[in-house]
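J.: Provided herewith is a single structure, encoded as structure tokens, for subsequent inquiry.
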Amino acid sequence: MKKIISYPLSVLYYLFFGLTLIVFHPIQWICFNVFGYQAHKKSVDFLNLGLIRCLHVLGTKITFTCDYPITEKLPHIIVANHQSPYDIPPIIWFLRKLHPKFISKKELGKGIPSVSYNLRHGGSILIDRKNPRQSLPEIKRFARYLNNTKRSAVIFPEGTRSRDGMPKRFSPNGLKMLFKYCPEAVIVPITINNSWKLVKNGSFPLSVGVSVSFKVQKPILVQEHDVETLVDKIENEITRDIHLPK
């Protein structure tokens, strides 16, 4: 029965999703070009709240748990496992006071209403994964930006999304570079569960009635650990609470 219902609800979801992106694109442009960063940032926050609300059309329930105080006086590195594109809006919305920014592949910097504009103008960086010589100076510049503004980087160290909820081994290179150039940063590990179920049938139809959870693990100071220990500790913190598929 759920599979049958998922077809019309997925059509309705994509309609609202597309309208949200289209409506917020000119809003972002006006906010950025007329009022500056803070106004643009607010528009991006509410864009992502709107994208979360679109998921409610599918009966999706999203819970975001954070039992730890998070200061805004230091740069942050938000690290999470990655299960679907729907991991991103809740991180941006629920951790909006940290000003999350992304290290994204350059292909996402064009062609997607609202999303591409934010990636180009909102403080994130676009890198060519096939060209490490381009990536290194961009990440160094990004780290300086985080240090100067006390904002946050979001990184999914698995590299690719898990299609079945099973965690993949973390690729440490991106993490190590951020640790090196942001030694005063606070790491915010996040465990994501069940967002993979939204796309278990592919992009269409999306699954209905999925409960997706985000759990913030205890923040970790970069300077309190050596790099190798730090990568292992973050991976263990995140993966221990992943609900493995039965």
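Going by the structure tokens order, chains are called A, B, ..., each with residues numbered from 1, while ligands are numbered from 1 in the order shown.
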For stretch 40-45 of chain A, please output as a ChimeraX atom specification all residues within 12 Å (counting only C-alpha atoms; exclusion window: fewer than 6 positions along the same chain).
T.: /A:20-21,23-34,51-52,88-101,114-119,121-124,151
J.: Between atom CA of A:Leu9 and atom CA of A:Asp87, what distance in Å does the model show, to one decimal?
T.: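 Computing it gives 19.9 Å between the two atoms.
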J.: Out of stretch 56-156 of chain A, which residues get strand (DSSP E) from DSSP, as a PyMOL selection string?
T.: chain A and resi 61-66+76-80+100-105+125-127+152-155
J.: So that I can check the surroundings of A:Thr160, please list as a PDB file with all heavy atoms, in the first residue's frame every protein, DNA and RNA residue that reaches within 10 Å of it, counting only C-alpha atoms and ignoring chain neighbours fewer than 2 positions away.
T.:
```
ATOM      1  N   ASN A  81      28.116  10.964   8.903  1.00  0.00           N
ATOM      2  CA  ASN A  81      27.956   9.939   7.874  1.00  0.00           C
ATOM      3  C   ASN A  81      26.959  10.468   6.847  1.00  0.00           C
ATOM      4  O   ASN A  81      26.227  11.429   7.100  1.00  0.00           O
ATOM      5  CB  ASN A  81      27.494   8.618   8.482  1.00  0.00           C
ATOM      6  CG  ASN A  81      26.158   8.720   9.207  1.00  0.00           C
ATOM      7  OD1 ASN A  81      25.973   9.565  10.103  1.00  0.00           O
ATOM      8  ND2 ASN A  81      25.209   7.868   8.854  1.00  0.00           N
ATOM      9  N   HIS A  82      26.946   9.847   5.677  1.00  0.00           N
ATOM     10  CA  HIS A  82      26.174  10.411   4.564  1.00  0.00           C
ATOM     11  C   HIS A  82      25.315   9.321   3.943  1.00  0.00           C
ATOM     12  O   HIS A  82      25.833   8.313   3.469  1.00  0.00           O
ATOM     13  CB  HIS A  82      27.152  10.986   3.537  1.00  0.00           C
ATOM     14  CG  HIS A  82      26.528  11.939   2.565  1.00  0.00           C
ATOM     15  ND1 HIS A  82      25.324  12.571   2.769  1.00  0.00           N
ATOM     16  CD2 HIS A  82      26.982  12.383   1.339  1.00  0.00           C
ATOM     17  CE1 HIS A  82      25.054  13.361   1.745  1.00  0.00           C
ATOM     18  NE2 HIS A  82      26.043  13.258   0.867  1.00  0.00           N
ATOM     19  N   GLN A  83      23.989   9.547   3.950  1.00  0.00           N
ATOM     20  CA  GLN A  83      23.085   8.518   3.446  1.00  0.00           C
ATOM     21  C   GLN A  83      22.217   8.970   2.275  1.00  0.00           C
ATOM     22  O   GLN A  83      21.731   8.135   1.518  1.00  0.00           O
ATOM     23  CB  GLN A  83      22.186   8.011   4.588  1.00  0.00           C
ATOM     24  CG  GLN A  83      22.960   7.323   5.704  1.00  0.00           C
ATOM     25  CD  GLN A  83      22.062   6.678   6.741  1.00  0.00           C
ATOM     26  OE1 GLN A  83      20.863   6.952   6.811  1.00  0.00           O
ATOM     27  NE2 GLN A  83      22.632   5.819   7.567  1.00  0.00           N
ATOM     28  N   SER A  84      21.984  10.263   2.139  1.00  0.00           N
ATOM     29  CA  SER A  84      21.155  10.751   1.030  1.00  0.00           C
ATOM     30  C   SER A  84      21.311  12.256   0.894  1.00  0.00           C
ATOM     31  O   SER A  84      21.850  12.913   1.795  1.00  0.00           O
ATOM     32  CB  SER A  84      19.672  10.406   1.268  1.00  0.00           C
ATOM     33  OG  SER A  84      19.068  11.357   2.124  1.00  0.00           O
ATOM     34  N   PHE A 156      31.498  15.203   4.810  1.00  0.00           N
ATOM     35  CA  PHE A 156      31.029  13.816   4.849  1.00  0.00           C
ATOM     36  C   PHE A 156      32.215  12.937   4.437  1.00  0.00           C
ATOM     37  O   PHE A 156      32.440  12.724   3.237  1.00  0.00           O
ATOM     38  CB  PHE A 156      29.856  13.606   3.896  1.00  0.00           C
ATOM     39  CG  PHE A 156      28.654  14.458   4.198  1.00  0.00           C
ATOM     40  CD1 PHE A 156      28.322  15.519   3.365  1.00  0.00           C
ATOM     41  CD2 PHE A 156      27.856  14.204   5.297  1.00  0.00           C
ATOM     42  CE1 PHE A 156      27.212  16.301   3.624  1.00  0.00           C
ATOM     43  CE2 PHE A 156      26.742  14.984   5.566  1.00  0.00           C
ATOM     44  CZ  PHE A 156      26.421  16.037   4.734  1.00  0.00           C
ATOM     45  N   PRO A 157      32.989  12.422   5.399  1.00  0.00           N
ATOM     46  CA  PRO A 157      34.257  11.769   5.051  1.00  0.00           C
ATOM     47  C   PRO A 157      34.120  10.386   4.427  1.00  0.00           C
ATOM     48  O   PRO A 157      35.133   9.804   4.030  1.00  0.00           O
ATOM     49  CB  PRO A 157      34.984  11.691   6.402  1.00  0.00           C
ATOM     50  CG  PRO A 157      33.925  11.778   7.432  1.00  0.00           C
ATOM     51  CD  PRO A 157      32.821  12.592   6.843  1.00  0.00           C
ATOM     52  N   GLU A 158      32.888   9.866   4.312  1.00  0.00           N
ATOM     53  CA  GLU A 158      32.737   8.599   3.602  1.00  0.00           C
ATOM     54  C   GLU A 158      32.979   8.777   2.098  1.00  0.00           C
ATOM     55  O   GLU A 158      33.217   7.809   1.388  1.00  0.00           O
ATOM     56  CB  GLU A 158      31.338   8.031   3.829  1.00  0.00           C
ATOM     57  CG  GLU A 158      31.118   7.500   5.240  1.00  0.00           C
ATOM     58  CD  GLU A 158      29.665   7.178   5.507  1.00  0.00           C
ATOM     59  OE1 GLU A 158      28.824   8.089   5.345  1.00  0.00           O
ATOM     60  OE2 GLU A 158      29.361   6.043   5.885  1.00  0.00           O
ATOM     61  N   SER A 162      26.003   6.264   1.513  1.00  0.00           N
ATOM     62  CA  SER A 162      25.683   4.859   1.778  1.00  0.00           C
ATOM     63  C   SER A 162      24.289   4.570   1.240  1.00  0.00           C
ATOM     64  O   SER A 162      23.324   5.245   1.601  1.00  0.00           O
ATOM     65  CB  SER A 162      25.725   4.579   3.287  1.00  0.00           C
ATOM     66  OG  SER A 162      25.226   3.296   3.561  1.00  0.00           O
ATOM     67  N   ARG A 163      24.168   3.583   0.381  1.00  0.00           N
ATOM     68  CA  ARG A 163      22.886   3.274  -0.255  1.00  0.00           C
ATOM     69  C   ARG A 163      21.988   2.396   0.604  1.00  0.00           C
ATOM     70  O   ARG A 163      20.800   2.264   0.333  1.00  0.00           O
ATOM     71  CB  ARG A 163      23.127   2.576  -1.601  1.00  0.00           C
ATOM     72  CG  ARG A 163      24.042   3.350  -2.548  1.00  0.00           C
ATOM     73  CD  ARG A 163      23.413   4.628  -3.044  1.00  0.00           C
ATOM     74  NE  ARG A 163      24.309   5.348  -3.950  1.00  0.00           N
ATOM     75  CZ  ARG A 163      24.011   6.495  -4.533  1.00  0.00           C
ATOM     76  NH1 ARG A 163      22.844   7.065  -4.312  1.00  0.00           N
ATOM     77  NH2 ARG A 163      24.881   7.095  -5.319  1.00  0.00           N
ATOM     78  N   LYS A 168      30.427   3.472   5.547  1.00  0.00           N
ATOM     79  CA  LYS A 168      31.630   3.230   4.759  1.00  0.00           C
ATOM     80  C   LYS A 168      32.844   3.727   5.544  1.00  0.00           C
ATOM     81  O   LYS A 168      32.713   4.553   6.436  1.00  0.00           O
ATOM     82  CB  LYS A 168      31.542   3.965   3.421  1.00  0.00           C
ATOM     83  CG  LYS A 168      30.383   3.535   2.527  1.00  0.00           C
ATOM     84  CD  LYS A 168      30.345   4.387   1.270  1.00  0.00           C
ATOM     85  CE  LYS A 168      29.204   3.983   0.367  1.00  0.00           C
ATOM     86  NZ  LYS A 168      29.422   2.667  -0.251  1.00  0.00           N
ATOM     87  N   PHE A 170      35.860   5.889   6.579  1.00  0.00           N
ATOM     88  CA  PHE A 170      36.132   7.306   6.402  1.00  0.00           C
ATOM     89  C   PHE A 170      37.405   7.502   5.592  1.00  0.00           C
ATOM     90  O   PHE A 170      38.404   6.821   5.811  1.00  0.00           O
ATOM     91  CB  PHE A 170      36.290   7.997   7.756  1.00  0.00           C
ATOM     92  CG  PHE A 170      34.986   8.307   8.442  1.00  0.00           C
ATOM     93  CD1 PHE A 170      33.789   7.736   8.038  1.00  0.00           C
ATOM     94  CD2 PHE A 170      34.955   9.192   9.517  1.00  0.00           C
ATOM     95  CE1 PHE A 170      32.596   8.023   8.670  1.00  0.00           C
ATOM     96  CE2 PHE A 170      33.767   9.493  10.159  1.00  0.00           C
ATOM     97  CZ  PHE A 170      32.584   8.913   9.731  1.00  0.00           C
TER      98      PHE A 170
END
```
J.: List every residue of stretch 136-169 of chain A that DSSP, applied to the backbone, labels as helix (DSSP H, G or I), and write the result as a list in words.
T.: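 Helix (DSSP H, G or I) members of stretch 136-169 of chain A, listed: Leu136, Pro137, Glu138, Ile139, Lys140, Arg141, Phe142, Ala143, Arg144, Tyr145, Leu146, Asn147, Asn148 and Thr149 of chain A.
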J.: Write out as an mmCIF file with N, CA, C and O atoms, in the first residue's frame which residues come within 12 Å of A:Arg53 when counting only C-alpha atoms, dropping same-chain ones fewer than 4 positions away.
T.:
```cif
data_model
loop_
_atom_site.group_PDB
_atom_site.id
_atom_site.type_symbol
_atom_site.label_atom_id
_atom_site.label_comp_id
_atom_site.auth_asym_id
_atom_site.auth_seq_id
_atom_site.Cartn_x
_atom_site.Cartn_y
_atom_site.Cartn_z
ATOM 1 N N TYR A 13 5.632 15.962 -3.853
ATOM 2 C CA TYR A 13 6.858 16.405 -3.185
ATOM 3 C C TYR A 13 7.763 17.149 -4.160
ATOM 4 O O TYR A 13 8.239 18.258 -3.862
ATOM 5 N N PHE A 16 6.538 20.673 -4.943
ATOM 6 C CA PHE A 16 6.831 21.635 -3.881
ATOM 7 C C PHE A 16 8.332 21.901 -3.761
ATOM 8 O O PHE A 16 8.756 23.043 -3.527
ATOM 9 N N PHE A 17 9.130 20.849 -3.915
ATOM 10 C CA PHE A 17 10.586 20.982 -3.847
ATOM 11 C C PHE A 17 11.087 21.943 -4.930
ATOM 12 O O PHE A 17 11.850 22.872 -4.661
ATOM 13 N N THR A 20 10.030 25.536 -4.296
ATOM 14 C CA THR A 20 10.820 26.138 -3.213
ATOM 15 C C THR A 20 12.164 26.632 -3.731
ATOM 16 O O THR A 20 12.590 27.754 -3.433
ATOM 17 N N PHE A 46 15.997 29.736 5.735
ATOM 18 C CA PHE A 46 14.573 29.483 5.508
ATOM 19 C C PHE A 46 14.328 28.669 4.245
ATOM 20 O O PHE A 46 13.334 27.949 4.153
ATOM 21 N N LEU A 47 15.244 28.757 3.289
ATOM 22 C CA LEU A 47 15.180 27.845 2.145
ATOM 23 C C LEU A 47 15.238 26.407 2.639
ATOM 24 O O LEU A 47 14.437 25.554 2.230
ATOM 25 N N ASN A 48 16.176 26.126 3.526
ATOM 26 C CA ASN A 48 16.344 24.753 3.994
ATOM 27 C C ASN A 48 15.227 24.317 4.931
ATOM 28 O O ASN A 48 14.861 23.143 4.954
ATOM 29 N N LEU A 49 14.669 25.248 5.693
ATOM 30 C CA LEU A 49 13.462 24.917 6.454
ATOM 31 C C LEU A 49 12.338 24.540 5.494
ATOM 32 O O LEU A 49 11.604 23.565 5.729
ATOM 33 N N VAL A 57 5.404 16.205 3.175
ATOM 34 C CA VAL A 57 4.416 15.716 2.209
ATOM 35 C C VAL A 57 4.487 14.191 2.108
ATOM 36 O O VAL A 57 3.483 13.517 1.888
ATOM 37 N N LEU A 58 5.687 13.655 2.293
ATOM 38 C CA LEU A 58 5.897 12.205 2.225
ATOM 39 C C LEU A 58 5.648 11.519 3.564
ATOM 40 O O LEU A 58 5.854 10.309 3.689
ATOM 41 N N GLY A 59 5.246 12.293 4.567
ATOM 42 C CA GLY A 59 5.076 11.723 5.904
ATOM 43 C C GLY A 59 6.393 11.491 6.609
ATOM 44 O O GLY A 59 6.471 10.700 7.552
ATOM 45 N N THR A 60 7.449 12.181 6.151
ATOM 46 C CA THR A 60 8.761 12.023 6.764
ATOM 47 C C THR A 60 8.793 12.712 8.118
ATOM 48 O O THR A 60 8.353 13.859 8.252
ATOM 49 N N LYS A 61 9.334 12.028 9.092
ATOM 50 C CA LYS A 61 9.539 12.617 10.421
ATOM 51 C C LYS A 61 11.033 12.818 10.637
ATOM 52 O O LYS A 61 11.822 11.891 10.447
ATOM 53 N N ILE A 62 11.409 14.020 11.012
ATOM 54 C CA ILE A 62 12.822 14.330 11.235
ATOM 55 C C ILE A 62 13.026 14.752 12.682
ATOM 56 O O ILE A 62 12.351 15.645 13.182
ATOM 57 N N TYR A 86 19.155 14.268 1.410
ATOM 58 C CA TYR A 86 18.277 14.856 2.420
ATOM 59 C C TYR A 86 18.950 14.977 3.787
ATOM 60 O O TYR A 86 18.322 15.404 4.759
ATOM 61 N N PRO A 89 19.679 19.616 4.303
ATOM 62 C CA PRO A 89 18.826 20.684 4.853
ATOM 63 C C PRO A 89 18.682 20.677 6.375
ATOM 64 O O PRO A 89 18.763 21.758 6.993
ATOM 65 N N PRO A 90 18.529 19.520 7.037
ATOM 66 C CA PRO A 90 18.433 19.575 8.501
ATOM 67 C C PRO A 90 19.708 20.074 9.174
ATOM 68 O O PRO A 90 19.639 20.769 10.202
ATOM 69 N N TRP A 93 19.662 23.858 8.771
ATOM 70 C CA TRP A 93 18.629 24.519 9.567
ATOM 71 C C TRP A 93 18.877 24.404 11.074
ATOM 72 O O TRP A 93 18.906 25.405 11.792
#
```
J.: My list of candidates is A:Met177, A:Ala39, A:Ala185, A:Val212. Which is closest to A:Glu224 when distances are computed with only C-alpha atoms?
T.: A:Ala185
J.: Between A:Leu221, A:Val210, A:Leu12, A:Met166, which has the minimum distance to A:Pro183 (counting only C-alpha atoms)?
T.: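 When distances to A:Pro183 are compared using only C-alpha atoms, the smallest one comes from A:Leu221.
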J.: Considering only C-alpha atoms, can you say which of A:Phe64, A:Ile78, A:Asn193, A:Phe204 comes closest to A:Ile234?
T.: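 For A:Ile234, the nearest of the given residues is A:Ile78.
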J.: With distances taken over only C-alpha atoms, which residue among A:Phe35, A:Tyr68, A:Phe102, A:Phe142 lies nearest A:Ile190?
T.: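 Ranked by minimum distance to A:Ile190, first place goes to A:Tyr68.
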J.: Could you check which of A:Ile220, A:Ile155, A:Ile192, A:Ile125 is closest to A:Ile139, using only C-alpha atoms?
T.: A:Ile125
J.: Which residues are close to A:Pro189, i.e. within 9 Å by only C-alpha atoms, leaving aside same-chain residues fewer than 6 positions away? Reply as a VMD selection string.
T.: chain A and resid 77 to 81 215 to 220 234 to 235 237 to 238
J.: Just N, CA, C and O atoms for this one: save the residues we selected as a compact mmCIF listing (two decimals), in the first residue's frame.
T.:
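Done, and the output landed in again-v8.txt:
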```txt
# COMPACT_ATOMS: atom_id res chain seq x y z
N ILE A 77 33.98 22.15 12.80
CA ILE A 77 34.02 21.19 11.70
C ILE A 77 32.93 20.16 11.99
O ILE A 77 33.05 19.36 12.92
N ILE A 78 31.86 20.22 11.23
CA ILE A 78 30.73 19.31 11.40
C ILE A 78 31.00 18.08 10.54
O ILE A 78 31.16 18.18 9.33
N VAL A 79 31.06 16.92 11.19
CA VAL A 79 31.39 15.67 10.49
C VAL A 79 30.23 14.69 10.65
O VAL A 79 29.76 14.47 11.77
N ALA A 80 29.78 14.12 9.55
CA ALA A 80 28.63 13.21 9.62
C ALA A 80 28.78 12.08 8.61
O ALA A 80 29.47 12.22 7.60
N ASN A 81 28.12 10.96 8.90
CA ASN A 81 27.96 9.94 7.87
C ASN A 81 26.96 10.47 6.85
O ASN A 81 26.23 11.43 7.10
N LYS A 215 21.71 12.78 15.36
CA LYS A 215 22.15 12.84 16.76
C LYS A 215 23.54 13.45 16.83
O LYS A 215 24.50 12.92 16.28
N VAL A 216 23.64 14.59 17.51
CA VAL A 216 24.93 15.24 17.71
C VAL A 216 25.67 14.54 18.84
O VAL A 216 25.16 14.44 19.96
N GLN A 217 26.85 14.01 18.52
CA GLN A 217 27.69 13.38 19.54
C GLN A 217 28.49 14.46 20.28
O GLN A 217 28.48 15.63 19.90
N LYS A 218 29.18 14.07 21.32
CA LYS A 218 29.92 15.04 22.14
C LYS A 218 30.97 15.76 21.29
O LYS A 218 31.80 15.11 20.65
N PRO A 219 30.95 17.09 21.28
CA PRO A 219 31.96 17.84 20.52
C PRO A 219 33.39 17.54 21.00
O PRO A 219 33.61 17.22 22.17
N ILE A 220 34.34 17.64 20.09
CA ILE A 220 35.74 17.30 20.35
C ILE A 220 36.61 18.48 19.90
O ILE A 220 36.42 19.02 18.82
N ILE A 234 36.54 10.18 15.88
CA ILE A 234 35.34 10.74 15.24
C ILE A 234 34.56 9.62 14.55
O ILE A 234 33.32 9.54 14.67
N GLU A 235 35.26 8.77 13.82
CA GLU A 235 34.59 7.68 13.11
C GLU A 235 33.85 6.77 14.09
O GLU A 235 32.70 6.39 13.86
N GLU A 237 32.78 7.56 17.14
CA GLU A 237 31.67 8.29 17.75
C GLU A 237 30.44 8.29 16.83
O GLU A 237 29.31 8.15 17.29
N ILE A 238 30.68 8.47 15.55
CA ILE A 238 29.56 8.56 14.60
C ILE A 238 28.96 7.19 14.32
O ILE A 238 27.74 7.01 14.35
```
J.: Just checking: using only C-alpha atoms, which residue out of A:Leu126, A:Leu55, A:Leu244, A:Leu136 ends up closest to A:Gly174?
T.: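 Residue with the minimum atom-to-atom distance to A:Gly174: A:Leu136.
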J.: So what do you get for atom CA of A:Ile242 versus atom CA of A:Phe179, distance-wise?
T.: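 Separation of atom CA of A:Ile242 and atom CA of A:Phe179: 24.3 Å.
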